[in-house]
$ cat coords30.cif   # mmCIF, C-alpha atoms and all ligand atoms
data_coords
#
loop_
_atom_site.label_atom_id
_atom_site.label_comp_id
_atom_site.auth_asym_id
_atom_site.auth_seq_id
_atom_site.Cartn_x
_atom_site.Cartn_y
_atom_site.Cartn_z
CA PRO A 1 -20.93 15.86 16.46
CA ILE A 2 -19.57 12.31 16.40
CA PRO A 3 -17.74 11.35 19.63
CA VAL A 4 -14.25 10.25 18.54
CA VAL A 5 -11.22 8.86 20.34
CA ILE A 6 -7.89 8.73 18.49
CA ASP A 7 -5.10 6.27 19.30
CA CYS A 8 -1.92 7.49 17.59
CA ASP A 9 1.87 7.43 17.29
CA THR A 10 2.40 11.11 16.38
CA GLY A 11 4.05 11.14 13.76
CA VAL A 12 3.82 13.76 11.03
CA ASP A 13 0.60 12.46 9.50
CA ASP A 14 -0.94 11.58 12.88
CA ALA A 15 -0.44 15.29 13.63
CA LEU A 16 -2.43 16.15 10.48
CA ALA A 17 -5.16 13.80 11.74
CA LEU A 18 -5.23 15.51 15.17
CA LEU A 19 -5.39 19.01 13.66
CA PHE A 20 -8.41 18.01 11.60
CA ALA A 21 -10.16 16.21 14.48
CA VAL A 22 -9.76 19.24 16.76
CA ARG A 23 -11.03 21.75 14.21
CA HIS A 24 -13.78 19.96 12.28
CA PRO A 25 -17.27 20.68 13.68
CA ALA A 26 -18.58 17.18 12.81
CA ILE A 27 -16.10 15.68 15.29
CA ASP A 28 -16.11 15.81 19.07
CA LEU A 29 -12.58 14.70 20.03
CA ARG A 30 -13.00 13.11 23.49
CA ALA A 31 -9.50 11.76 24.17
CA VAL A 32 -6.18 10.88 22.56
CA THR A 33 -4.07 7.87 23.52
CA CYS A 34 -0.45 7.25 22.57
CA VAL A 35 1.44 4.13 21.54
CA ALA A 36 5.00 3.35 20.41
CA GLY A 37 5.33 3.29 16.63
CA ASN A 38 6.79 6.13 14.60
CA THR A 39 8.93 6.96 17.63
CA ASP A 40 9.16 5.82 21.28
CA VAL A 41 6.04 6.30 23.38
CA ASP A 42 7.39 9.24 25.42
CA GLY A 43 8.22 11.04 22.17
CA VAL A 44 4.71 10.27 20.92
CA VAL A 45 3.17 11.74 24.09
CA ARG A 46 5.27 14.92 23.77
CA ASN A 47 4.47 15.34 20.06
CA THR A 48 0.76 14.71 20.64
CA LEU A 49 0.52 17.31 23.43
CA THR A 50 2.40 19.88 21.35
CA VAL A 51 0.14 19.39 18.33
CA LEU A 52 -3.02 19.59 20.42
CA GLU A 53 -1.78 22.83 22.00
CA GLN A 54 -0.95 24.37 18.62
CA ALA A 55 -4.39 23.32 17.38
CA GLY A 56 -6.10 24.96 20.37
CA ALA A 57 -7.59 21.69 21.61
CA GLY A 58 -8.17 22.90 25.18
CA ASP A 59 -8.00 20.15 27.76
CA VAL A 60 -8.64 17.03 25.64
CA PRO A 61 -7.10 14.28 27.82
CA VAL A 62 -3.97 12.53 26.52
CA ALA A 63 -2.66 9.23 27.95
CA ARG A 64 0.57 7.28 27.57
CA GLY A 65 0.10 3.70 26.39
CA ALA A 66 2.17 0.68 25.36
CA ALA A 67 5.91 1.21 25.00
CA ARG A 68 6.31 -1.81 22.72
CA PRO A 69 4.29 -4.32 20.70
CA LEU A 70 2.67 -7.36 22.37
CA ILE A 71 5.38 -9.79 21.29
CA GLU A 72 8.11 -8.18 19.22
CA ALA A 73 10.55 -5.41 20.07
CA SER A 74 9.80 -1.82 18.91
CA ARG A 75 11.11 -0.71 15.52
CA SER A 76 10.95 3.01 14.92
CA ALA A 77 10.17 4.86 11.70
CA ARG A 78 12.66 7.70 12.28
CA HIS A 79 13.75 7.50 8.65
CA VAL A 80 10.24 8.70 7.70
CA HIS A 81 9.28 10.99 10.59
CA GLY A 82 12.64 12.46 11.72
CA HIS A 83 14.51 11.96 15.03
CA ASP A 84 11.74 13.51 17.11
CA GLY A 85 9.04 11.65 15.13
CA MET A 86 7.66 15.01 13.97
CA GLY A 87 9.84 15.91 11.03
CA ASP A 88 12.48 17.68 13.21
CA LEU A 89 10.57 20.96 12.76
CA GLY A 90 11.84 22.33 16.09
CA LEU A 91 8.39 22.48 17.69
CA PRO A 92 8.11 23.86 21.25
CA ALA A 93 7.86 21.50 24.23
CA PRO A 94 4.26 21.17 25.47
CA ALA A 95 3.06 23.01 28.57
CA ARG A 96 0.57 20.27 29.48
CA THR A 97 1.27 16.76 30.77
CA PRO A 98 -0.57 13.50 30.11
CA VAL A 99 -3.30 12.33 32.49
CA ASP A 100 -2.16 10.09 35.35
CA VAL A 101 -3.88 6.95 34.05
CA ASP A 102 -2.62 4.71 31.24
CA ALA A 103 -4.08 4.61 27.72
CA VAL A 104 -6.20 1.50 28.24
CA THR A 105 -7.81 2.99 31.37
CA LEU A 106 -8.52 6.32 29.62
CA LEU A 107 -9.96 4.55 26.56
CA ARG A 108 -12.26 2.44 28.74
CA ARG A 109 -13.34 5.46 30.78
CA GLU A 110 -14.13 7.68 27.79
CA ILE A 111 -15.90 4.95 25.82
CA LEU A 112 -18.12 3.85 28.71
CA ALA A 113 -18.85 7.46 29.80
CA SER A 114 -19.98 8.66 26.38
CA PRO A 115 -23.75 9.16 26.06
CA ARG A 116 -23.46 8.22 22.35
CA PRO A 117 -21.45 5.26 20.98
CA VAL A 118 -17.88 6.27 20.24
CA THR A 119 -15.95 5.96 16.98
CA LEU A 120 -12.42 4.76 17.73
CA VAL A 121 -9.76 5.84 15.22
CA PRO A 122 -6.40 4.08 15.57
CA THR A 123 -3.74 5.62 13.32
CA ALA A 124 -0.86 3.60 14.78
CA PRO A 125 0.20 0.06 15.73
CA LEU A 126 -2.79 -1.59 17.42
CA THR A 127 -1.20 -2.55 20.74
CA ASN A 128 -3.31 -0.26 22.98
CA VAL A 129 -6.50 -1.23 21.16
CA ALA A 130 -5.78 -4.97 21.48
CA LEU A 131 -5.03 -4.59 25.21
CA LEU A 132 -8.28 -2.65 25.65
CA LEU A 133 -10.38 -5.24 23.81
CA ARG A 134 -8.87 -8.15 25.75
CA THR A 135 -8.94 -6.44 29.17
CA HIS A 136 -12.30 -4.68 28.96
CA PRO A 137 -14.42 -6.42 26.29
CA GLU A 138 -17.51 -4.63 27.66
CA VAL A 139 -16.40 -1.47 25.82
CA THR A 140 -17.53 -2.96 22.49
CA ALA A 141 -21.15 -2.31 23.49
CA ASN A 142 -20.49 1.45 23.29
CA ILE A 143 -18.25 1.48 20.17
CA GLU A 144 -20.06 2.58 17.02
CA ARG A 145 -17.20 1.57 14.71
CA ILE A 146 -13.42 1.30 14.60
CA VAL A 147 -11.93 3.13 11.61
CA PHE A 148 -8.26 2.20 11.55
CA MET A 149 -5.39 3.29 9.33
CA GLY A 150 -3.50 0.15 8.57
CA GLY A 151 -3.05 -2.76 6.23
CA ALA A 152 -3.11 -2.90 2.47
CA VAL A 153 -5.00 -4.83 -0.15
CA ALA A 154 -2.11 -4.58 -2.59
CA VAL A 155 1.39 -3.22 -1.89
CA GLY A 156 2.95 -2.76 1.56
CA ASN A 157 5.42 -0.14 2.82
CA ALA A 158 7.29 -1.69 5.77
CA THR A 159 7.78 -4.82 3.64
CA PRO A 160 6.69 -5.60 0.06
CA VAL A 161 3.34 -6.84 1.42
CA ALA A 162 2.95 -5.42 4.96
CA GLU A 163 1.87 -1.94 6.02
CA PHE A 164 3.79 -0.37 8.97
CA ASN A 165 1.01 -0.22 11.62
CA VAL A 166 -0.01 -3.86 11.15
CA TRP A 167 3.58 -5.07 10.63
CA HIS A 168 4.74 -3.36 13.85
CA ASP A 169 2.30 -5.42 15.96
CA PRO A 170 0.62 -8.11 13.86
CA GLU A 171 -0.87 -9.99 16.83
CA ALA A 172 -2.57 -6.80 18.03
CA ALA A 173 -4.02 -6.21 14.56
CA ALA A 174 -5.36 -9.79 14.52
CA ILE A 175 -7.11 -9.14 17.85
CA LEU A 176 -8.69 -5.97 16.45
CA LEU A 177 -10.02 -7.74 13.36
CA THR A 178 -11.88 -10.30 15.47
CA ALA A 179 -13.30 -7.73 17.94
CA GLY A 180 -16.88 -8.23 16.79
CA VAL A 181 -17.53 -4.51 16.15
CA PRO A 182 -17.96 -2.83 12.75
CA ILE A 183 -14.50 -2.07 11.35
CA THR A 184 -13.33 0.10 8.45
CA MET A 185 -9.83 -0.57 7.14
CA TYR A 186 -8.36 2.64 5.72
CA GLY A 187 -5.34 0.94 4.16
CA LEU A 188 -2.39 2.04 2.03
CA ASP A 189 -4.43 1.61 -1.15
CA VAL A 190 -6.32 4.84 -0.33
CA PHE A 191 -3.91 6.35 2.24
CA THR A 192 -1.26 7.26 -0.35
CA ARG A 193 -3.71 8.84 -2.78
CA VAL A 194 -4.96 11.87 -0.86
CA VAL A 195 -2.39 14.62 -1.53
CA VAL A 196 -2.76 18.36 -0.85
CA PRO A 197 -1.53 20.38 -3.86
CA ALA A 198 1.49 22.67 -3.58
CA SER A 199 -0.52 25.89 -3.85
CA ASP A 200 -2.58 24.97 -0.76
CA VAL A 201 0.51 23.87 1.17
CA ARG A 202 2.17 27.24 0.43
CA ARG A 203 -0.91 29.11 1.54
CA LEU A 204 -1.04 27.17 4.83
CA ARG A 205 2.67 27.69 5.50
CA SER A 206 2.33 31.44 5.20
CA SER A 207 -0.77 31.63 7.43
CA SER A 208 -0.63 33.73 10.60
CA GLU A 209 -2.74 31.12 12.40
CA PRO A 210 -0.48 28.63 14.28
CA GLY A 211 -2.57 25.49 13.61
CA ALA A 212 -2.82 26.20 9.88
CA ARG A 213 0.89 27.05 9.68
CA LEU A 214 1.81 23.80 11.45
CA GLY A 215 -0.41 21.89 9.00
CA GLY A 216 1.46 23.48 6.09
CA GLU A 217 4.89 22.65 7.56
CA LEU A 218 3.87 19.05 8.22
CA LEU A 219 2.48 18.60 4.72
CA ALA A 220 5.63 20.03 3.17
CA HIS A 221 7.67 17.55 5.21
CA ARG A 222 5.54 14.60 4.15
CA GLY A 223 5.96 15.10 0.45
CA PRO A 224 6.04 13.76 -2.20
CA GLY A 225 6.67 17.43 -3.13
CA THR A 226 9.86 19.49 -3.21
CA GLU A 227 10.67 22.96 -1.81
CA GLU A 228 9.44 24.45 -5.11
CA ASP A 229 6.43 22.12 -5.33
CA PRO A 230 5.58 21.25 -1.71
CA ALA A 231 2.55 18.95 -2.29
CA GLY A 232 1.94 16.76 0.77
CA GLY A 233 -0.02 13.59 1.53
CA LEU A 234 -2.68 13.66 4.25
CA GLY A 235 -1.81 10.10 5.32
CA ASP A 236 -3.50 9.21 8.63
CA ALA A 237 -5.69 12.33 8.42
CA GLY A 238 -7.63 10.64 5.62
CA ALA A 239 -8.95 8.09 8.14
CA VAL A 240 -10.46 10.93 10.21
CA CYS A 241 -11.91 12.47 7.03
CA ALA A 242 -13.59 9.08 6.48
CA VAL A 243 -15.30 9.44 9.88
CA ALA A 244 -16.53 12.99 9.18
CA ASP A 245 -17.56 12.16 5.59
CA PRO A 246 -17.90 8.40 4.98
CA ALA A 247 -19.44 9.01 1.54
CA GLY A 248 -16.00 9.99 0.20
CA LEU A 249 -14.82 6.42 0.66
CA THR A 250 -15.84 3.30 -1.32
CA THR A 251 -15.66 0.21 0.86
CA ARG A 252 -16.55 -3.46 0.46
CA ALA A 253 -17.23 -5.96 3.24
CA LEU A 254 -14.51 -8.57 2.79
CA PRO A 255 -12.80 -11.24 4.89
CA VAL A 256 -9.41 -9.98 6.17
CA GLU A 257 -6.80 -12.04 7.99
CA VAL A 258 -3.39 -10.97 9.30
CA SER A 259 -0.46 -13.17 8.36
CA LEU A 260 1.15 -14.07 11.72
CA GLY A 261 3.73 -16.66 10.75
CA PRO A 262 7.42 -15.82 10.51
CA GLY A 263 8.86 -15.02 7.11
CA PRO A 264 8.27 -12.55 4.32
CA THR A 265 4.49 -12.26 4.66
CA ARG A 266 4.39 -11.54 8.43
CA GLY A 267 2.13 -8.54 9.03
CA GLN A 268 0.38 -8.73 5.66
CA THR A 269 -3.39 -8.18 5.65
CA VAL A 270 -4.69 -10.94 3.42
CA VAL A 271 -7.91 -9.58 1.87
CA ASP A 272 -10.12 -12.17 0.21
CA LEU A 273 -11.25 -10.53 -3.04
CA ARG A 274 -12.52 -13.71 -4.65
CA PRO A 275 -16.02 -13.45 -6.06
CA ARG A 276 -17.17 -16.15 -3.65
CA PRO A 277 -15.10 -15.65 -0.50
CA GLY A 278 -16.76 -18.66 1.22
CA GLU A 279 -14.83 -20.86 -1.19
CA ALA A 280 -12.27 -21.87 1.42
CA GLU A 281 -14.86 -24.33 2.73
CA ILE A 282 -14.68 -26.55 -0.32
CA HIS A 283 -11.03 -27.17 0.49
CA GLY A 284 -12.09 -28.44 3.90
CA GLU A 285 -11.24 -25.24 5.80
CA SER A 286 -14.46 -23.83 7.21
CA ARG A 287 -12.94 -21.01 9.25
CA GLU A 288 -15.16 -18.07 10.17
CA GLN A 289 -13.49 -15.01 8.70
CA PRO A 290 -14.62 -11.68 10.11
CA LEU A 291 -15.84 -9.22 7.49
CA VAL A 292 -14.15 -5.84 7.41
CA ASP A 293 -15.28 -2.79 5.41
CA VAL A 294 -12.14 -2.42 3.31
CA ALA A 295 -11.55 0.95 1.61
CA LEU A 296 -11.01 0.27 -2.10
CA ASP A 297 -11.42 3.76 -3.51
CA VAL A 298 -11.38 7.36 -2.27
CA ASP A 299 -12.54 10.70 -3.62
CA GLU A 300 -9.19 12.46 -3.17
CA ASP A 301 -10.36 15.97 -4.03
CA ARG A 302 -13.25 15.72 -1.62
CA TYR A 303 -10.99 14.80 1.31
CA VAL A 304 -8.36 17.40 0.42
CA LYS A 305 -11.07 20.09 0.45
CA LEU A 306 -12.62 18.71 3.62
CA TRP A 307 -9.30 18.72 5.47
C1 LIG B 401 1.43 4.45 8.85
O1 LIG B 401 2.74 4.30 9.42
C2 LIG B 401 3.13 5.46 10.08
O2 LIG B 401 4.46 5.75 9.81
C3 LIG B 401 2.18 6.56 9.64
O3 LIG B 401 1.99 7.49 10.68
C4 LIG B 401 0.93 5.82 9.30
O4 LIG B 401 0.09 5.65 10.42
C5 LIG B 401 1.53 4.25 7.37
O5 LIG B 401 1.97 2.96 7.07
CA CA B 402 0.49 6.91 12.42
#

$ encode --input "coords30.cif" --output "structure tokens" --more "lines below"
Ligand code: BDR
Ligand code: CA
Amino acid sequence: PIPVVIDCDTGVDDALALLFAVRHPAIDLRAVTCVAGNTDVDGVVRNTLTVLEQAGAGDVPVARGAARPLIEASRSARHVHGHDGMGDLGLPAPARTPVDVDAVTLLRREILASPRPVTLVPTAPLTNVALLLRTHPEVTANIERIVFMGGAVAVGNATPVAEFNVWHDPEAAAILLTAGVPITMYGLDVFTRVVVPASDVRRLRSSSEPGARLGGELLAHRGPGTEEDPAGGLGDAGAVCAVADPAGLTTRALPVEVSLGPGPTRGQTVVDLRPRPGEAEIHGESREQPLVDVALDVDEDRYVKLW
């Protein structure tokens, strides 16, 4: 199996990503690190531990990370994920506690200790990942690829042009994009398309198996379904599907830059789709733009079945 570390802000769809990572045989989940995003970081730690317990994850280590973005103040997404960040489903408190080292230390330890290069899957604002890359750049030698949920080629969600994870900490996202390791951007363009049909959500909700039942409840909360037609989007879980089954995703290597200035485009991922992306040079700007494998299309049915 592929050694995987997830950095998340659990989060209803982060929970769907964790459930899949724990249960799918192609994935060896080595550690989970938490960052402020959908809710405050202590809430993220609690939610993450609860989900891992329900999924039967054993003793996968969980660490608390950054409580706020590098520069800006935190802005929660409670309107999407409920007051507890987990859809207010009344989940039990976890029995386990996080490890006694911080997220950056755990990430470094797990990445360097792995006998095979690790795939890092951030499904949250990129604060922990940026701190890791700046503090311990030696980890890049043992990172196979970073598959992150974030950004958008077209339409945003936090703003008309910016996706939440990148918008929440744009400077951190800019650090990630220039890390010098292979990167896949699983952005909103594909993220919103992978939706589990109502019949499957109903089946999961009535399961006697706690992990499956939790998956069904989370999907029903995510929507866009109704109580009668509870179809639910996989969201962040699609990024983990892309690790287990990269052939379900169509990507193109393209220059991507994060808009960092103040104003209405802050946090936008500017993807250069021009036929000759080097063109900037003829206008006298010869900046080196890192290439990112940007997801442009997804086989929705394949990922729904896989999940
Ligand atoms: C991203 O923002 C969060 O609310 C979700 O968990 C997902 O990671 C989508 O923009
Ligand atoms: Ca998330």

$ closest_residue --input "coords30.cif" --among "A:Pro94, A:Gly211, A:Pro61, A:Pro3" --to "Asn47 (chain A)" --atoms "all atoms listed in the file"
A:Pro94

$ closest_atom_pairs --input "coords30.cif" --of "chain A" --to "ligand LIG 401 (chain B)" --cutoff "6 Å" --atoms "all atoms listed in the file" --output "CSV"
residue,atom,partner,partner_atom,distance
A:Gly11,CA,B:LIG401,O3,5.2
A:Asp13,CA,B:LIG401,O3,5.3
A:Asp14,CA,B:LIG401,O3,5.5
A:Asn38,CA,B:LIG401,O2,5.3
A:Thr123,CA,B:LIG401,O4,4.8
A:Ala124,CA,B:LIG401,O4,4.9
A:Glu163,CA,B:LIG401,O5,5.0
A:Phe164,CA,B:LIG401,O5,4.2
A:Asn165,CA,B:LIG401,O1,5.3
A:Asp236,CA,B:LIG401,O4,5.4

$ closest_residue --input "coords30.cif" --among "A:Pro115, A:Gly215, A:Gly238, A:Pro125" --to "ligand CA 402 (chain B)" --atoms "all atoms listed in the file"
A:Pro125

$ closest_residue --input "coords30.cif" --among "A:Leu234, A:Val201, A:Val104, A:Leu91" --to "ligand CA 402 (chain B)" --atoms "all atoms listed in the file"
A:Leu234

$ residues_around --input "coords30.cif" --residues "Arg46 (chain A)" --least-positions-apart "5" --cutoff "10 Å" --atoms "all atoms listed in the file" --output "PyMOL selection string"
chain A and resi 10+34+41+51+62+64+84-85+92-98

$ closest_residue --input "coords30.cif" --among "A:Val256, A:Val60, A:Leu133, A:Cys241" --to "Val99 (chain A)" --atoms "all atoms listed in the file"
A:Val60

$ residues_around --input "coords30.cif" --residues "Glu257 (chain A)" --least-positions-apart "2" --cutoff "7 Å" --atoms "only C-alpha atoms" --output "compact mmCIF listing (two decimals) with C-alpha atoms, in the coordinates of the input"
# COMPACT_ATOMS: atom_id res chain seq x y z
CA PRO A 255 -12.80 -11.24 4.89
CA SER A 259 -0.46 -13.17 8.36
CA THR A 269 -3.39 -8.18 5.65
CA VAL A 270 -4.69 -10.94 3.42
CA VAL A 271 -7.91 -9.58 1.87

$ atom_distance --input "coords30.cif" --atom1 "CA of His221 (chain A)" --atom2 "CA of Ala247 (chain A)"
28.7 Å

$ atom_distance --input "coords30.cif" --atom1 "CA of Val298 (chain A)" --atom2 "CA of Asp245 (chain A)"
11.1 Å

$ atom_distance --input "coords30.cif" --atom1 "CA of Ile146 (chain A)" --atom2 "CA of Thr39 (chain A)"
23.3 Å

$ closest_residue --input "coords30.cif" --among "A:Ala113, A:Leu177, A:Val35, A:Leu19" --to "ligand CA 402 (chain B)" --atoms "only C-alpha atoms and all ligand atoms"
A:Val35

$ closest_residue --input "coords30.cif" --among "A:Ala15, A:Val243, A:Ala66, A:Leu107" --to "ligand CA 402 (chain B)" --atoms "only C-alpha atoms and all ligand atoms"
A:Ala15

$ residues_near_point --input "coords30.cif" --point "(-6.2, 10.2, 24.6)" --cutoff "7 Å" --atoms "all atoms listed in the file" --output "list in words"
Val5, Ile6, Asp7, Ala31, Val32, Thr33, Cys34, Pro61, Val62, Ala63, Ala103 and Leu106 of chain A

$ residues_around --input "coords30.cif" --residues "Ile175 (chain A)" --least-positions-apart "6" --cutoff "10 Å" --atoms "only C-alpha atoms" --output "ChimeraX atom specification"
/A:126-127,129-131,133-134,258

$ write_last_selection --input "coords30.cif" --atoms "C-alpha atoms" --output "CSV table (one decimal), keeping the file's coordinate frame"
chain,number,residue,atom,x,y,z
A,126,LEU,CA,-2.8,-1.6,17.4
A,127,THR,CA,-1.2,-2.6,20.7
A,129,VAL,CA,-6.5,-1.2,21.2
A,130,ALA,CA,-5.8,-5.0,21.5
A,131,LEU,CA,-5.0,-4.6,25.2
A,133,LEU,CA,-10.4,-5.2,23.8
A,134,ARG,CA,-8.9,-8.2,25.8
A,258,VAL,CA,-3.4,-11.0,9.3

$ residues_near_point --input "coords30.cif" --point "(-2.4, -4.4, 10.1)" --cutoff "9 Å" --atoms "only C-alpha atoms" --output "PyMOL selection string"
chain A and resi 125-126+148-152+162-174+177+185+187+258+267-269

$ residues_around --input "coords30.cif" --residues "Ser74 (chain A)" --least-positions-apart "3" --cutoff "8 Å" --atoms "only C-alpha atoms" --output "JSON, numbers by chain"
{"A": [36, 37, 67, 68, 69, 168]}
